[in-house]
Structures are given as structure tokens and as C-alpha cells.
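Scroll down for the structure; my scribbles are underneath it.
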Amino acid sequence: MGLSKLDPRTKLAWYVLMINFSLISGTAVQLSIVLLVEVMASLILMGSLKRYKAMIVILLLLGLQILVVQLIFCREGVLIYQWGILKIYSQALPLAITGILKAGIIVLASMHFFTSSSPQEFTLMLIKFKIPYRFAMLVGLSVRFLPLMKAEYISIIDSQRARGLRMESAWDNLKGIFPTFLPFLYRSVRRATETALAMELRGYGRTKTRTFTSSLELRTYDVVLISGMLMVIIISLTSKILPLI
């Protein structure tokens with residue numbers, strides 16, 4: 001059973017479960033176990049982690065930022081090093097590791113949820129949650145536009161390069177934001193206007209309900225998985241809330 005065969009509501013329950021664990025887990029050991037479970041689930045359901053190569057690079061950069069921030073601003077624990085105004089405390093590294101693990105769990109769970117469902121599944125899921133289709137369609141439409149906008153921006157960059165814009169180094173890319181972003185903004189507004197006009201001419205929103213080419217139905221394994229994950233969430237939240245009452 002692949003990840004794409006699961007109902008999007010099952011994936012949403014998994015997403016909420018992982019976010020819950022990342023927020024309530026306080027130690028690096030607990031967070032490491034949760035992250036390991038996520039990775040194993042990815043290997044079982046998807047067979048490989050190749051699609052997450054870019055995410056690993058982003059996490060490394062994010063982890064470096066978290067480490068630097070904690071080393072500079074953390075004031076918990078015992079002072080272990082001082083150089084001028086820079087003071088490094090003993091809790092800086094543990095807090096940085098905890099933050100990196102939390103970020104890894106959240107990012108990986110987000111990748112699971114947002115890359116394994118189609119735009120139409122997002123729309124149908126929101127409609128199942130009794131959200132009016134006029135608003136539910138906007139989510140699916142936005143997801144569909146992301147690859148189009150990426151292609152538009154790459155096309156603009158190629159056009160500007162053909163006109164002599166240098167984009168060879170990081171500084172050139174930084175300077176090239178304005179001559180590439182403004183045309184991209186114009187094209188985005190134009191495409192949104194054309195899409196809105198086309199939908200209006202086709203009578204979008206004139207009726208309270210509408211039909212779709214497919215529908216969502218919870219299968220037995222979806223019900224079992226959702227029930228189990230909701231039970232785990234309730235138990236974990238209860239165990240955290242009861243001692244405070």
C-alpha cells in the first residue's frame with residue numbers, strides 16, 4: 001500500500017500526529033525516535049527518500065542557523081566559554097539539537113502531506129469538512145498554480161539573461177531579484193485575472209453545490225489508521241494537560 005493510495009484525511013491525521021509529537025516531546029531522545037519513525041514510514045510507503053534531497057539541504061541550512069542563534073543568544077546553563085561579549089552556555093547545544101529535530105519532524109511531515117495528495121484531493125477533503133466549494137476550490141487551484149508559477153519565473157530569468165542580465169554568482173542573483181520579480185508579479189496578476197474571468201464566464205459559484213469527477217471514500221484501513229492516530233493524540237494531550245489541572 002503506497003502513500004498515494006491513502007485517503008487525504010488519513011494523511012492529515014498523520015500530519016497532526018507528527019506536529020503533536022514535535023511540540024510535546026521535550027528531549028532529544030524522544031524527538032529522535034519520532035523522526036526515525038517518520039523516516040521508516042517514508043521508506044515503507046514510498047520505497048526511497050530520493051525526493052527529499054532538496055529538503056535535506058534546506059534542513060542543514062536551517063539547522064546551522066538554529067545552532068548559531070542558540071550559541072549567541074542562549075543564557076541557560078553554565079558559562080563554558082567567553083570571548084568579549086560572546087558568551088556560550090552549556091545548554092546552547094542541547095537546545096539547538098532539540099530545535100533541529102523539531103524542525104526536521106515538522107518539515108518531513110509537511111512533505112508527506114503536501115506532496116502525496118493531488119490538488120483535487122485537497123479540494124474534496126475540504127468539502128468533506130463542510131467547507132463551501134467556492135473556498136475549497138481555491139486551495140486546489142493554488143496548488144495547481146505552483147508549478148506554473150515556477151515555470152513562469154524560470155522563463156523570465158532566461159529572458160533576462162538573453163537580454164544581458166548577469167546571474168552567475170550569488171551577488172548577481174541577489175541583484176537580479178528586481179528585474180525578474182517585477183515581471184513575475186505582473187504575469188502572476190495577469191494569470192490570476194484571466195483565471196478568475198474564465199471561471200466567472202463558466203458560471204462558477206452560481207449554484208450551492210457542484211459535481212466532481214471523483215469522490216473520497218474512507219476504506220477500512222483508513223478508518224483504523226485515523227482512529228488509532230486520534231487515540232494516540234488524545235492520550236498524549238491528556239497526559240500533558242492532567243498534571244496541570
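Following the order of the C-alpha cells, chains are lettered A, B, ..., residues in each are numbered from 1, and ligands are numbered from 1.
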
Notebook entry, point to check: Looking only at the backbone, which of the residues in stretch 72-244 of chain A does DSSP tag as alpha helix (DSSP H), as a PyMOL selection string?
Noted result: chain A and resi 72-73+92-115+119-128+133-162+170-175+177-201+220-241

Next item on the list: Name the residues in contact with A:Ala192 at a cut-off of 12 Å, using only C-alpha atoms, excluding same-chain residues fewer than 5 positions from it; report them as a VMD selection string.
Entry: chain A and resid 138 141 to 142 145 148 to 149 185 to 187 197 to 199

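Surrounding stretch 228-244 of chain A within 10 Å are Thr10, Ala13, Trp14, Tyr15, Val16, Leu17, Met18, Asn20, Phe21, Ile24, Ser25, Asp222, Val223 and Val224 of chain A, with only C-alpha atoms counted and residues fewer than 4 positions along the same chain left out.
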
Note to self: What's the separation between atom CA of A:Leu225 and atom CA of A:Ser32, in Å to one decimal place?
What the structure shows: 22.5 Å

Next item on the list: For A:Phe73, please output as a count of residues only all residues within 12 Å (counting only C-alpha atoms; exclusion window: fewer than 6 positions along the same chain).
Entry: 12
